[in-house]
Every structure is written in structure tokens, then in C-alpha cells.
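Heads up, the thing below is written out as C-alpha cells.
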Amino acid sequence: MKKKILLFGLCALSTGLAAAYWPWKTGGDSASELTLYGNMDIREVDLGFGVDGPIDQVLVEEGDRVEAGQTLAILEQDAFLDAVQAAEATLKLAEARLAEGVHGPRPQEIERGRATVQAAEAALANAALIHSRRVSLIDAHERAASREEADTTNAERLVAEADLKKAREDLALLLEGTRREQLDQQRAEVEAQRANLALLRYRLGRATLKAPTAGVIRTRILEPGAVVTANSPVFTLALTDPKWCRAYVNESDLGKIRLGLPARITTDSYPGKSYRGWVGYISPVAEFTPKAVETPELRTSLVYQARVYTCDPDQELRLGMPATVTLLLNGETRTPPASLSDYCKSP
């Protein structure tokens, strides 16, 4: 008799231990409800500057709640500002050159070109006349001019012809305006300078670290004075939207749940208080019971991960907090909203 009593006690104890180590066990108060057990989960992101440089200011502490767009830290700005100013000046120079090419020469420049041609024509006529006189004197056997003087005047006449040709070509270029290829080159230079300025302004913007979305600063990794490289983490941000309970559903209960199914979430930390939510994700892949459950029988059970998103306006639910999820199987299935904020605002 004593052996039977001892055996019965051991069986009862092993049953109790198995239940204690099975936090994802499902059940329900009635056919209209399904109870799951899990933990609160959120997403975390590592935030960093997109550029290199020393940190000038760190404006938040661990545990601070931040809003989307809030400034968290700033690098030293002088080098970035100087680079932007230099690029702005270079862009203005390129734009001025392009405008000059598009508008072409001014009327005064064309008139000056014509005057230069006229002066060159007069100089050529004078040089030709002088050279002709020298040659005529030599041909008449008058020793008034030497052969050397005639050669000199001939050279001067040739120079005057070249000057006239150059003046006429310069005037023709003025009248034609800027070449199309030159305008294309100037436009390309302007676009290149604009792209460079945009890049430097982007780098200047990344020298100020802002929160991409609302959340809580979980870890402050670096301090003022630290030199950071591009994208090295400075903070770890815990996102408060969305927030969900990660639970596991037995294979036998999988057919009872569906996306959009309403739910209630309760925790031991806030007894008597429930948070409304909805099933937002059901894993398409089965997995074995997590290895934290040591019982051999339970380790072989297949389960499916489910995420039950919840509204937590007072930010009471914390990462890893154990929670109980009650799925309302007969509740109205709602189309999953675009964001959890939209769901929480709805009645």
C-alpha cells in the first residue's frame, strides 16, 4: 500500500512540474475563448550617425521617451558647414558660366569685335601700301630703298594679314554665340556641382542624430568627445509602436484562430486590468517547443508562433513581461489596420 501511495504522489508531482515548465500551454474557459501564454515583445533598432566625426552633444539618457524627429545627439558641425559653403560657392560659379554661355556675347563685345576688324583692315592696307612703295623704288633702280627694307615691309604686311584674319574669326565666333557642345559641358558641370552640394547637405543632416520614430532609449552607448565612424551605434531605441505579445499555439488549436481575431491581454503586474488587441501574425512554419521546456514529451510538440498586437497608451507593458492572452473565438474579425495606432484609435 505504501508503494502505491508513493507512486501516485510521484505521478502527481511530475504532472505539476510539467505544467509549471509549459508556459505556452493553451486552453480556455469555454469554447468561445482560447487562452495563450507568452511574453511581451517589441522591436529594437541601433541608431548611429551616417558620417564620421567627434560627438559634440548627447541630449538624452537611458530610459528617456523620445518622439519621432527628436534630436538625440549632434556631431561637431564646423567641417560639415564649411564643406557646404564651399560647394554652394562652386555651384554659383558654374551657374554663372552657364548663364554667360546661354546669353552669348553682349552687344558691346560684338561692336568691339567689329572695330577690331576695321582696325586690322586699316593696318593691312597701310602695310601693303608701304611695301608696294619699297618694291617700286627698287624696281626703278633708285637706290632710295634697299632690299632689306622691302623684306621688312613685306613681313609687316603678312603680320597685318594674319591679324585681320584673326579679328574676323573672333567676330564670327561672337556672332555665332556659344557652341552647343560647350553649353552641354557647362550644364553637366552645374548638375555635378548640384549633386555634390546635395551630398554634402545630406552629410550635414546626418551629423545630427534624430529619432526615426517614437520609442524609449534603452542603451546609451557613446558619450560626448567620442569619435564615431559612419553608422556605428550610439543608442539602442526600443520601439513602443507596435507592441505585441509573442505566444505559441498548439497544432490542434491552430484552426481556431485567424488574423484580425480580437483578444484581451492581462499581466501579473497589473491585476484586474486588460489590454485589447488583435491577432496580427500567425507563423506559416511550425517549430518544436522551445528547448527551455526540458520534458521529452513536450519537446516533441509542434507549435506555431503568433503575435497578438495590443494597445498600451500608458506604456505599462515592458519587454519580456509575461502575459496571458485570451482570444475571443466568436468575436468579430477585423481587417488588420495599416498601423497599430489606427487600431487603438478605433472604438
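Each chain in the C-alpha cells gets a letter, A, B and so on, in the order shown; residues start at 1 in every chain, and ligands are counted from 1 in the order they appear.
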Open item on the list: What's around A:Gly50 at 12 Å? Count only C-alpha atoms, leave out sequence neighbours fewer than 4 positions away in its own chain, and write the answer as a ChimeraX atom specification.
Closed with: /A:74-75,199-200,202-210,228-234
- [ ] Assign secondary structure with DSSP using the backbone only, and return the residues of stretch 110-246 of chain A in strand (DSSP E) as a PyMOL selection string.
- [x] chain A and resi 208-210+215-220+227-228+233-246
Those same residues - N, CA and C atoms - I'd like them written as a PDB file, in the first residue's frame.
```
ATOM      1  N   THR A 208      23.479  65.211 -37.396  1.00  0.00           N
ATOM      2  CA  THR A 208      22.532  65.371 -36.294  1.00  0.00           C
ATOM      3  C   THR A 208      21.694  64.105 -36.224  1.00  0.00           C
ATOM      4  N   LEU A 209      21.781  63.399 -35.122  1.00  0.00           N
ATOM      5  CA  LEU A 209      21.072  62.124 -34.962  1.00  0.00           C
ATOM      6  C   LEU A 209      19.687  62.379 -34.399  1.00  0.00           C
ATOM      7  N   LYS A 210      18.657  61.948 -35.145  1.00  0.00           N
ATOM      8  CA  LYS A 210      17.271  62.132 -34.722  1.00  0.00           C
ATOM      9  C   LYS A 210      16.575  60.783 -34.616  1.00  0.00           C
ATOM     10  N   GLY A 215       9.807  56.089 -29.219  1.00  0.00           N
ATOM     11  CA  GLY A 215      10.315  54.923 -28.506  1.00  0.00           C
ATOM     12  C   GLY A 215      10.971  55.316 -27.203  1.00  0.00           C
ATOM     13  N   VAL A 216      11.699  54.367 -26.636  1.00  0.00           N
ATOM     14  CA  VAL A 216      12.389  54.558 -25.363  1.00  0.00           C
ATOM     15  C   VAL A 216      13.872  54.257 -25.566  1.00  0.00           C
ATOM     16  N   ILE A 217      14.731  55.146 -25.077  1.00  0.00           N
ATOM     17  CA  ILE A 217      16.174  54.920 -25.156  1.00  0.00           C
ATOM     18  C   ILE A 217      16.531  53.791 -24.199  1.00  0.00           C
ATOM     19  N   ARG A 218      16.921  52.666 -24.772  1.00  0.00           N
ATOM     20  CA  ARG A 218      17.254  51.520 -23.921  1.00  0.00           C
ATOM     21  C   ARG A 218      18.720  51.548 -23.511  1.00  0.00           C
ATOM     22  N   THR A 219      19.616  51.916 -24.457  1.00  0.00           N
ATOM     23  CA  THR A 219      21.040  51.918 -24.166  1.00  0.00           C
ATOM     24  C   THR A 219      21.667  53.168 -24.745  1.00  0.00           C
ATOM     25  N   ARG A 220      22.469  53.862 -23.936  1.00  0.00           N
ATOM     26  CA  ARG A 220      23.282  54.988 -24.401  1.00  0.00           C
ATOM     27  C   ARG A 220      24.713  54.474 -24.478  1.00  0.00           C
ATOM     28  N   VAL A 227      34.850  59.675 -30.920  1.00  0.00           N
ATOM     29  CA  VAL A 227      34.908  59.791 -32.374  1.00  0.00           C
ATOM     30  C   VAL A 227      34.206  58.569 -32.964  1.00  0.00           C
ATOM     31  N   VAL A 228      33.183  58.817 -33.758  1.00  0.00           N
ATOM     32  CA  VAL A 228      32.387  57.733 -34.311  1.00  0.00           C
ATOM     33  C   VAL A 228      32.702  57.561 -35.790  1.00  0.00           C
ATOM     34  N   PRO A 233      26.842  52.317 -33.821  1.00  0.00           N
ATOM     35  CA  PRO A 233      25.703  52.599 -32.943  1.00  0.00           C
ATOM     36  C   PRO A 233      26.053  53.556 -31.806  1.00  0.00           C
ATOM     37  N   VAL A 234      25.129  54.467 -31.558  1.00  0.00           N
ATOM     38  CA  VAL A 234      25.257  55.419 -30.454  1.00  0.00           C
ATOM     39  C   VAL A 234      24.187  55.148 -29.402  1.00  0.00           C
ATOM     40  N   PHE A 235      22.996  54.756 -29.842  1.00  0.00           N
ATOM     41  CA  PHE A 235      21.889  54.422 -28.948  1.00  0.00           C
ATOM     42  C   PHE A 235      21.240  53.129 -29.430  1.00  0.00           C
ATOM     43  N   THR A 236      20.564  52.459 -28.502  1.00  0.00           N
ATOM     44  CA  THR A 236      19.612  51.406 -28.840  1.00  0.00           C
ATOM     45  C   THR A 236      18.234  51.914 -28.469  1.00  0.00           C
ATOM     46  N   LEU A 237      17.340  51.965 -29.472  1.00  0.00           N
ATOM     47  CA  LEU A 237      15.996  52.509 -29.272  1.00  0.00           C
ATOM     48  C   LEU A 237      14.992  51.372 -29.284  1.00  0.00           C
ATOM     49  N   ALA A 238      14.197  51.270 -28.204  1.00  0.00           N
ATOM     50  CA  ALA A 238      13.114  50.295 -28.137  1.00  0.00           C
ATOM     51  C   ALA A 238      11.852  50.959 -28.677  1.00  0.00           C
ATOM     52  N   LEU A 239      11.275  50.371 -29.724  1.00  0.00           N
ATOM     53  CA  LEU A 239      10.089  50.950 -30.350  1.00  0.00           C
ATOM     54  C   LEU A 239       8.841  50.567 -29.564  1.00  0.00           C
ATOM     55  N   THR A 240       8.034  51.538 -29.260  1.00  0.00           N
ATOM     56  CA  THR A 240       6.809  51.290 -28.492  1.00  0.00           C
ATOM     57  C   THR A 240       5.593  51.093 -29.379  1.00  0.00           C
ATOM     58  N   ASP A 241       5.745  51.249 -30.670  1.00  0.00           N
ATOM     59  CA  ASP A 241       4.654  51.038 -31.611  1.00  0.00           C
ATOM     60  C   ASP A 241       5.243  50.396 -32.856  1.00  0.00           C
ATOM     61  N   PRO A 242       4.926  49.133 -33.156  1.00  0.00           N
ATOM     62  CA  PRO A 242       3.912  48.317 -32.475  1.00  0.00           C
ATOM     63  C   PRO A 242       4.469  47.567 -31.275  1.00  0.00           C
ATOM     64  N   LYS A 243       3.541  47.096 -30.440  1.00  0.00           N
ATOM     65  CA  LYS A 243       3.890  46.277 -29.284  1.00  0.00           C
ATOM     66  C   LYS A 243       2.996  45.050 -29.331  1.00  0.00           C
ATOM     67  N   TRP A 244       3.580  43.874 -29.096  1.00  0.00           N
ATOM     68  CA  TRP A 244       2.788  42.662 -29.210  1.00  0.00           C
ATOM     69  C   TRP A 244       3.225  41.634 -28.175  1.00  0.00           C
ATOM     70  N   CYS A 245       2.337  40.651 -27.990  1.00  0.00           N
ATOM     71  CA  CYS A 245       2.647  39.510 -27.131  1.00  0.00           C
ATOM     72  C   CYS A 245       3.002  38.341 -28.040  1.00  0.00           C
ATOM     73  N   ARG A 246       4.160  37.760 -27.807  1.00  0.00           N
ATOM     74  CA  ARG A 246       4.615  36.608 -28.592  1.00  0.00           C
ATOM     75  C   ARG A 246       4.217  35.342 -27.841  1.00  0.00           C
TER      76      ARG A 246
END
```
- [ ] Calculate how many Å separate atom CA of A:Gly113 from atom CA of A:Ile130, rounding to one decimal.
- [x] 25.9 Å
- [ ] Might you pull out every residue within 9 Å of A:Glu67, with only C-alpha atoms counted and same-chain residues fewer than 3 positions away left off, and present them as a ChimeraX atom specification?
- [x] /A:70,211-216
Produce a file of the selected residues containing C-alpha atoms, as an mmCIF file, in the first residue's frame.
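Written out: part_5.cif:
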```cif
data_model
loop_
_atom_site.group_PDB
_atom_site.id
_atom_site.type_symbol
_atom_site.label_atom_id
_atom_site.label_comp_id
_atom_site.auth_asym_id
_atom_site.auth_seq_id
_atom_site.Cartn_x
_atom_site.Cartn_y
_atom_site.Cartn_z
ATOM 1 C CA GLN A 70 13.542 64.445 -31.764
ATOM 2 C CA ALA A 211 14.812 59.501 -33.575
ATOM 3 C CA PRO A 212 13.219 57.783 -36.590
ATOM 4 C CA THR A 213 10.096 57.038 -34.576
ATOM 5 C CA ALA A 214 8.740 57.235 -31.062
ATOM 6 C CA GLY A 215 10.315 54.923 -28.506
ATOM 7 C CA VAL A 216 12.389 54.558 -25.363
#
```
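The space between atom CA of A:Leu47 and atom CA of A:Gln85 spans 27.8 Å.
Nearest-residue note for A:Ala188: choosing from A:Leu81, A:Ala94, A:Val45, A:Ser136, the minimum distance belongs to A:Ala94, counting only C-alpha atoms.
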- [ ] Mind giving me the straight-line distance from atom CA of A:Gly101 to atom CA of A:Asp82 in Å, one decimal?
- [x] 29.2 Å
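Across A:Arg114, A:Arg258, A:Arg201, A:Arg168, the tightest approach to A:Ala83 is made by A:Arg201 when counting only C-alpha atoms.
The nearest approach to A:Leu222 among the residues A:Leu36, A:Leu158, A:Ala167, A:Leu59, with only C-alpha atoms taken into account, belongs to A:Leu59.
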Where does stretch 24-90 of chain A meet stretch 318-329 of chain A within 9 Å, residue by residue, with the nearest atom pair and distance in Å to one decimal for each, counting only C-alpha atoms, listed by chain and rising number, as a Markdown table?
```
| residue | atom | partner | partner_atom | distance |
| --- | --- | --- | --- | --- |
| A:Gly28 | CA | A:Thr326 | CA | 7.7 |
| A:Ala31 | CA | A:Leu329 | CA | 7.8 |
| A:Ser32 | CA | A:Leu329 | CA | 5.0 |
| A:Glu33 | CA | A:Leu328 | CA | 4.9 |
| A:Leu34 | CA | A:Leu327 | CA | 5.0 |
| A:Thr35 | CA | A:Thr326 | CA | 4.5 |
| A:Leu36 | CA | A:Val325 | CA | 5.0 |
| A:Tyr37 | CA | A:Thr324 | CA | 4.8 |
| A:Gly38 | CA | A:Ala323 | CA | 5.5 |
| A:Asn39 | CA | A:Pro322 | CA | 4.4 |
| A:Met40 | CA | A:Gly320 | CA | 5.0 |
| A:Asp41 | CA | A:Leu319 | CA | 5.3 |
| A:Ile42 | CA | A:Leu319 | CA | 6.4 |
```
